[in-house]
Amino acid sequence: MRNQLRNIKIGVICLGLFTSIFAYAQEVKITSTIDLREVPLGKFANLQITLEGANNASEIDVPTIDGLNITRSGTSRNTQIINGQFSSFVTYNYTVLPMREGSFTIPPIRVEVGDEAYFTEEFTIRVLPQGSTQTPSNQNQTLEAQLSELIFMEVEPSKNTLYLGEKMPLTIRLLISDQVRIQPVNEPPVIDSSKILMSPLNLEEFRQTRQTRNNRSYEVFSWQIDITAIEAGDTDLQTQLNMSVLVRRQRSNPGSLFDSDFFGSRMQAIPIVARSGSAPLNILALPDDSNFPGFTGAIGDFQITSQAQPQEIKLGDPITLDITISGQGNFDRVFHEGLEENDAWRVYEPERIIENNPSNGASMSITFKQAIIAQDTTISGIPEIPFTFFNPDLGAYQEVVAAPIPLNIQENAGTRPGAFSNNSSSIQGSGNLLNLESAGSRLAEIALTQGKVYNSLIAFPLKPTFQIAVASLMALSLALVILQPILLPILRRDDAAQREWEKQREALEKEMNQAVRGTDKVAYLKAARNYSRHILGAAWNIAPQAITTAEIKQRLQPSSKYIYEVFTLADTLQYAGSASIQIEPNEFSGKLKSELKAVQETGS
């Protein structure tokens, strides 16, 4: 009897599930939401399209809107059983990034499910000037107000006064109460200030602690980054983070057995913005540097040392001079020309080598390695080498000096002191004067006063040096014949590497040209920088990923302004998140390619 009742119950449940699944398969619903109707330049809105009653959409036709960049940012799935009704939800997330100010309408988006087409509702958003305060939707605004004491951020600068170009460590914290659940955060926090640049922040590199405040327990996530002042004046440091909070849906039937949080179906993700209070920051302009011609923009506290090898040399032998600058500050602006060329020294351009490059304001050092050659045996050593920087703690320019380095330079055996001159009638050397008219055929006697004596003449082909040269040439030819099977594959590999480089260049150029034809200036700058790195890396024989804005400034002439601007604007996008780019990609791209071609031909 019990088995019969159990079988009846199982049959009823299966019948109910089958009926609900059949009903679910017959009814499809499409809903859409956007979290912000007013968005400042540099920020973005989140658009969600939720599909209920189907496992997936066959196609979603997102329109192209001039002035807006709409990109797919992820998909989430949810399943729930309510009052015996089985439902499945698929949510497609999109990021709406404004490219210019104005009012924009996102028309109904066509969503195809099987053979049927559905349309979302129409949205209108207003893009505000950069730095404006965005207005969240009523639901998000209310939720943010309710959660303001449970989820919030803090920003803590290491000081409140900063000089233009100075780099400073900054601590950002996210505090989350134990009473709140959030979805994983996929994007870093940003700082709302156009007067500072923020170094890249890695979400995975955080310090996690726990704190108790006002009798509440919080999980605390801390990041430390560097910021650099790029514009003088007063500003407020305020950070914010886009995230989604999981909140419980209202029960439609509190007494129902099936209206439970089975499969996590009772949770709903609501986008919010966690914000911090503001920290005032005063950015000061640098004082006049006209009395410090060696100042290159280095701001911080630095020391300079130098060393040379070898210190005992023959005249004309090269010396390797290492000039090391260490300390704390904006090392991207630390440059040094090395020892200056003059009558006593022949010098070469120094190579800039980063010895250690820690983040967050820690001490580091850069070495400038330079080849120098002494031009006179009277030189007693390498003179002291200065370096000028601005010390923000003192509010003044400073010059530090590397101590002189003693040298012992000896006469090279291949050189002879004294003068040597000749004319049609006499040869002067070693204090002896010989008359060529009375010398007759006494060539041996004349040679005795001038150097090596030749008592006989030998035919050139019979000279040992000529025979050695011919034998060497024959040996080289034989070696090439023997090594041909080895050398040919190497040459072919080089040819294959060149073809691969050309293939990558064509792909990067195609990507850049496609961005030119579009309206997305952000995508164009990224593509243009990747293309430029590929070309410059081959010209300079370095890895393309290692080419930075500082490298561009050091290597290129001031006339290469379009290459420099590509890297500068791309850095601004990466650090500050600014989307206000005043360039015309079509005209800009042609001039950029011309400058890159010139670098390929000249190497600089």
# chains A, B, ... in the order shown; residues from 1 in each chain; ligands from 1
call {"tool": "residues_around", "arguments": {"residues": "Gly518 in chain A", "least_positions_apart": "4", "cutoff": "12 Å", "atoms": "only C-alpha atoms", "output": "ChimeraX atom specification"}}
result
/A:64-69,511-514,522-524,584-586
call {"tool": "residues_around", "arguments": {"residues": "Asn412 in chain A", "least_positions_apart": "4", "cutoff": "9 Å", "atoms": "only C-alpha atoms", "output": "VMD selection string"}}
result
chain A and resid 313 to 317 416
call {"tool": "closest_residue", "arguments": {"among": "A:His336, A:Pro392, A:Asn214, A:Pro350", "to": "Pro287 in chain A", "atoms": "only C-alpha atoms"}}
result
A:Pro392
call {"tool": "closest_residue", "arguments": {"among": "A:Phe44, A:Phe389, A:Trp501, A:Tyr118", "to": "Ala538 in chain A", "atoms": "only C-alpha atoms"}}
result
A:Trp501
call {"tool": "closest_residue", "arguments": {"among": "A:Asp192, A:Glu399, A:Glu154, A:Asp520", "to": "Ile176 in chain A", "atoms": "only C-alpha atoms"}}
result
A:Glu154
call {"tool": "closest_residue", "arguments": {"among": "A:Leu41, A:Leu321, A:Ile182, A:Ile227", "to": "Lys195 in chain A", "atoms": "only C-alpha atoms"}}
result
A:Ile227
call {"tool": "closest_residue", "arguments": {"among": "A:Thr602, A:Gln484, A:Gln307, A:Thr95", "to": "Leu536 in chain A", "atoms": "only C-alpha atoms"}}
result
A:Thr602
call {"tool": "residues_around", "arguments": {"residues": "Gln224 in chain A", "least_positions_apart": "2", "cutoff": "7 Å", "atoms": "only C-alpha atoms", "output": "ChimeraX atom specification"}}
result
/A:169-172,222,360
call {"tool": "write_last_selection", "arguments": {"atoms": "C-alpha atoms", "output": "PDB file, in the first residue's frame"}}
result
ATOM      1  CA  PRO A 169      50.925  56.302  -3.547  1.00  0.00           C
ATOM      2  CA  LEU A 170      47.173  56.083  -2.958  1.00  0.00           C
ATOM      3  CA  THR A 171      45.209  53.459  -1.003  1.00  0.00           C
ATOM      4  CA  ILE A 172      41.720  52.396  -2.154  1.00  0.00           C
ATOM      5  CA  SER A 222      42.643  47.136  -0.200  1.00  0.00           C
ATOM      6  CA  ASN A 360      53.445  51.710  -5.236  1.00  0.00           C
TER       7      ASN A 360
END
call {"tool": "residues_around", "arguments": {"residues": "Lys593 in chain A", "least_positions_apart": "4", "cutoff": "10 Å", "atoms": "only C-alpha atoms", "output": "PyMOL selection string"}}
result
chain A and resi 509+528+531-532+535+562-563+588-589+597-599
call {"tool": "write_last_selection", "arguments": {"atoms": "all heavy atoms", "output": "compact mmCIF listing (two decimals), in the first residue's frame"}}
result
# COMPACT_ATOMS: atom_id res chain seq x y z
N GLU A 509 47.52 46.28 -39.32
CA GLU A 509 47.15 47.42 -40.16
C GLU A 509 45.68 47.32 -40.58
O GLU A 509 44.97 48.33 -40.61
CB GLU A 509 48.05 47.49 -41.38
CG GLU A 509 47.82 48.72 -42.23
CD GLU A 509 48.82 48.84 -43.35
OE1 GLU A 509 49.53 47.85 -43.63
OE2 GLU A 509 48.92 49.92 -43.96
N ALA A 528 46.00 51.48 -33.19
CA ALA A 528 47.13 52.27 -33.68
C ALA A 528 48.36 52.06 -32.81
O ALA A 528 49.49 51.99 -33.33
CB ALA A 528 46.75 53.75 -33.71
N TYR A 531 49.80 48.59 -33.67
CA TYR A 531 50.48 48.65 -34.98
C TYR A 531 51.82 49.37 -34.85
O TYR A 531 52.84 48.91 -35.38
CB TYR A 531 49.58 49.37 -35.99
CG TYR A 531 50.20 49.54 -37.35
CD1 TYR A 531 50.28 48.49 -38.25
CD2 TYR A 531 50.70 50.79 -37.74
CE1 TYR A 531 50.84 48.65 -39.50
CE2 TYR A 531 51.27 50.95 -38.99
CZ TYR A 531 51.34 49.89 -39.87
OH TYR A 531 51.91 50.06 -41.10
N SER A 532 51.84 50.49 -34.13
CA SER A 532 53.08 51.26 -33.96
C SER A 532 54.12 50.44 -33.21
O SER A 532 55.31 50.45 -33.56
CB SER A 532 52.78 52.55 -33.20
OG SER A 532 51.84 53.35 -33.88
N ILE A 535 55.82 47.94 -35.58
CA ILE A 535 56.77 48.56 -36.50
C ILE A 535 58.03 49.00 -35.74
O ILE A 535 59.16 48.72 -36.15
CB ILE A 535 56.14 49.76 -37.21
CG1 ILE A 535 54.90 49.32 -38.02
CG2 ILE A 535 57.16 50.45 -38.11
CD1 ILE A 535 55.19 48.37 -39.13
N TYR A 562 53.01 62.47 -33.97
CA TYR A 562 51.82 61.62 -34.07
C TYR A 562 52.06 60.27 -33.38
O TYR A 562 51.16 59.73 -32.74
CB TYR A 562 51.43 61.43 -35.54
CG TYR A 562 50.86 62.68 -36.14
CD1 TYR A 562 51.67 63.57 -36.84
CD2 TYR A 562 49.52 63.01 -35.97
CE1 TYR A 562 51.16 64.74 -37.39
CE2 TYR A 562 48.99 64.17 -36.52
CZ TYR A 562 49.82 65.03 -37.22
OH TYR A 562 49.30 66.18 -37.73
N ILE A 563 53.27 59.73 -33.48
CA ILE A 563 53.58 58.49 -32.75
C ILE A 563 53.49 58.76 -31.25
O ILE A 563 52.89 57.98 -30.50
CB ILE A 563 54.99 57.99 -33.11
CG1 ILE A 563 55.07 57.68 -34.62
CG2 ILE A 563 55.34 56.75 -32.31
CD1 ILE A 563 56.46 57.24 -35.08
N PHE A 588 44.58 61.43 -39.06
CA PHE A 588 45.63 61.09 -38.10
C PHE A 588 46.40 59.85 -38.55
O PHE A 588 47.63 59.79 -38.45
CB PHE A 588 44.99 60.86 -36.73
CG PHE A 588 45.96 60.76 -35.59
CD1 PHE A 588 46.31 61.86 -34.84
CD2 PHE A 588 46.55 59.54 -35.28
CE1 PHE A 588 47.20 61.76 -33.80
CE2 PHE A 588 47.45 59.43 -34.24
CZ PHE A 588 47.77 60.55 -33.50
N SER A 589 45.67 58.84 -39.08
CA SER A 589 46.29 57.57 -39.44
C SER A 589 47.31 57.74 -40.56
O SER A 589 48.38 57.13 -40.54
CB SER A 589 45.22 56.56 -39.85
OG SER A 589 45.78 55.29 -40.04
N LYS A 597 57.06 55.01 -41.15
CA LYS A 597 57.88 54.65 -42.30
C LYS A 597 59.25 55.32 -42.21
O LYS A 597 60.28 54.71 -42.52
CB LYS A 597 57.18 55.06 -43.60
CG LYS A 597 57.94 54.65 -44.85
CD LYS A 597 57.17 55.03 -46.11
CE LYS A 597 57.95 54.63 -47.36
NZ LYS A 597 57.23 55.02 -48.61
N ALA A 598 59.26 56.58 -41.74
CA ALA A 598 60.54 57.28 -41.59
C ALA A 598 61.41 56.61 -40.53
O ALA A 598 62.63 56.50 -40.69
CB ALA A 598 60.28 58.74 -41.21
N VAL A 599 60.80 56.11 -39.45
CA VAL A 599 61.55 55.40 -38.42
C VAL A 599 62.12 54.10 -38.98
O VAL A 599 63.27 53.73 -38.69
CB VAL A 599 60.66 55.13 -37.19
CG1 VAL A 599 61.40 54.26 -36.18
CG2 VAL A 599 60.25 56.44 -36.54
call {"tool": "closest_residue", "arguments": {"among": "A:Gln504, A:Ser306, A:Ser88, A:Ser559", "to": "Leu339 in chain A", "atoms": "only C-alpha atoms"}}
result
A:Ser306
call {"tool": "select_by_dssp", "arguments": {"residues": "range 494-604 of chain A", "states": "alpha helix (DSSP H)", "output": "MDAnalysis selection string"}}
result
chainID A and resid 494:517 521:540 549:555 561:576 585:602
call {"tool": "atom_distance", "arguments": {"atom1": "CA of Ile230 in chain A", "atom2": "CA of Val400 in chain A"}}
result
25.8 Å
call {"tool": "atom_distance", "arguments": {"atom1": "CA of Ser103 in chain A", "atom2": "CA of Glu121 in chain A"}}
result
17.0 Å
call {"tool": "select_by_dssp", "arguments": {"residues": "range 324-386 of chain A", "states": "strand (DSSP E)", "output": "PyMOL selection string"}}
result
chain A and resi 324-329+345-347+351-356+364-374+381-382+385-386
call {"tool": "write_last_selection", "arguments": {"atoms": "C-alpha atoms", "output": "mmCIF file, in the first residue's frame"}}
result
data_model
loop_
_atom_site.group_PDB
_atom_site.id
_atom_site.type_symbol
_atom_site.label_atom_id
_atom_site.label_comp_id
_atom_site.auth_asym_id
_atom_site.auth_seq_id
_atom_site.Cartn_x
_atom_site.Cartn_y
_atom_site.Cartn_z
ATOM 1 C CA THR A 324 72.977 54.894 -11.655
ATOM 2 C CA ILE A 325 70.100 57.046 -10.389
ATOM 3 C CA SER A 326 68.134 55.588 -7.480
ATOM 4 C CA GLY A 327 65.499 56.739 -5.013
ATOM 5 C CA GLN A 328 61.759 57.429 -5.069
ATOM 6 C CA GLY A 329 59.773 59.434 -7.579
ATOM 7 C CA TRP A 345 86.325 62.656 -24.601
ATOM 8 C CA ARG A 346 84.616 60.828 -27.407
ATOM 9 C CA VAL A 347 81.244 59.568 -26.117
ATOM 10 C CA GLU A 351 71.554 52.879 -22.907
ATOM 11 C CA ARG A 352 68.750 53.194 -20.311
ATOM 12 C CA ILE A 353 68.435 50.047 -18.155
ATOM 13 C CA ILE A 354 65.797 49.667 -15.417
ATOM 14 C CA GLU A 355 67.472 47.753 -12.617
ATOM 15 C CA ASN A 356 64.351 47.173 -10.521
ATOM 16 C CA MET A 364 63.966 51.716 -7.549
ATOM 17 C CA SER A 365 66.962 52.519 -9.737
ATOM 18 C CA ILE A 366 67.866 53.130 -13.377
ATOM 19 C CA THR A 367 71.340 52.751 -14.885
ATOM 20 C CA PHE A 368 72.559 54.622 -17.948
ATOM 21 C CA LYS A 369 75.344 52.556 -19.547
ATOM 22 C CA GLN A 370 77.633 54.619 -21.795
ATOM 23 C CA ALA A 371 80.763 53.867 -23.849
ATOM 24 C CA ILE A 372 83.426 56.600 -23.679
ATOM 25 C CA ILE A 373 86.955 56.931 -25.146
ATOM 26 C CA ALA A 374 89.651 59.225 -23.783
ATOM 27 C CA GLY A 381 89.970 60.730 -14.557
ATOM 28 C CA ILE A 382 86.252 60.986 -15.349
ATOM 29 C CA ILE A 385 78.534 63.926 -13.150
ATOM 30 C CA PRO A 386 75.510 65.992 -11.981
#
call {"tool": "atom_distance", "arguments": {"atom1": "CA of Asn242 in chain A", "atom2": "CA of Ser58 in chain A"}}
result
29.5 Å
call {"tool": "residues_around", "arguments": {"residues": "Glu312 in chain A", "least_positions_apart": "3", "cutoff": "12 Å", "atoms": "only C-alpha atoms", "output": "ChimeraX atom specification"}}
result
/A:308-309,315-319,374,377,379-381,405-411
call {"tool": "closest_atom_pairs", "arguments": {"of": "range 220-333 of chain A", "to": "range 33-37 of chain A", "cutoff": "12 Å", "atoms": "only C-alpha atoms", "output": "JSON lines"}}
result
{"residue": "A:Asn242", "atom": "CA", "partner": "A:Asp35", "partner_atom": "CA", "distance": 10.7}
{"residue": "A:Met243", "atom": "CA", "partner": "A:Asp35", "partner_atom": "CA", "distance": 11.3}
{"residue": "A:Ser244", "atom": "CA", "partner": "A:Asp35", "partner_atom": "CA", "distance": 10.7}
{"residue": "A:Ala269", "atom": "CA", "partner": "A:Asp35", "partner_atom": "CA", "distance": 11.6}
{"residue": "A:Ile270", "atom": "CA", "partner": "A:Asp35", "partner_atom": "CA", "distance": 8.6}
{"residue": "A:Pro271", "atom": "CA", "partner": "A:Asp35", "partner_atom": "CA", "distance": 6.7}
{"residue": "A:Ile272", "atom": "CA", "partner": "A:Asp35", "partner_atom": "CA", "distance": 8.1}
{"residue": "A:Val273", "atom": "CA", "partner": "A:Asp35", "partner_atom": "CA", "distance": 10.0}
call {"tool": "residues_around", "arguments": {"residues": "Ala274 in chain A", "least_positions_apart": "4", "cutoff": "6 Å", "atoms": "only C-alpha atoms", "output": "mmCIF file with N, CA and C atoms, in the first residue's frame"}}
result
data_model
loop_
_atom_site.group_PDB
_atom_site.id
_atom_site.type_symbol
_atom_site.label_atom_id
_atom_site.label_comp_id
_atom_site.auth_asym_id
_atom_site.auth_seq_id
_atom_site.Cartn_x
_atom_site.Cartn_y
_atom_site.Cartn_z
ATOM 1 N N PHE A 152 30.658 50.286 0.945
ATOM 2 C CA PHE A 152 31.171 51.609 0.609
ATOM 3 C C PHE A 152 32.673 51.519 0.371
ATOM 4 N N GLN A 240 34.974 55.194 -7.134
ATOM 5 C CA GLN A 240 33.707 54.469 -7.229
ATOM 6 C C GLN A 240 33.931 53.163 -7.974
ATOM 7 N N LEU A 241 33.040 52.218 -7.725
ATOM 8 C CA LEU A 241 33.168 50.876 -8.290
ATOM 9 C C LEU A 241 31.800 50.382 -8.708
#
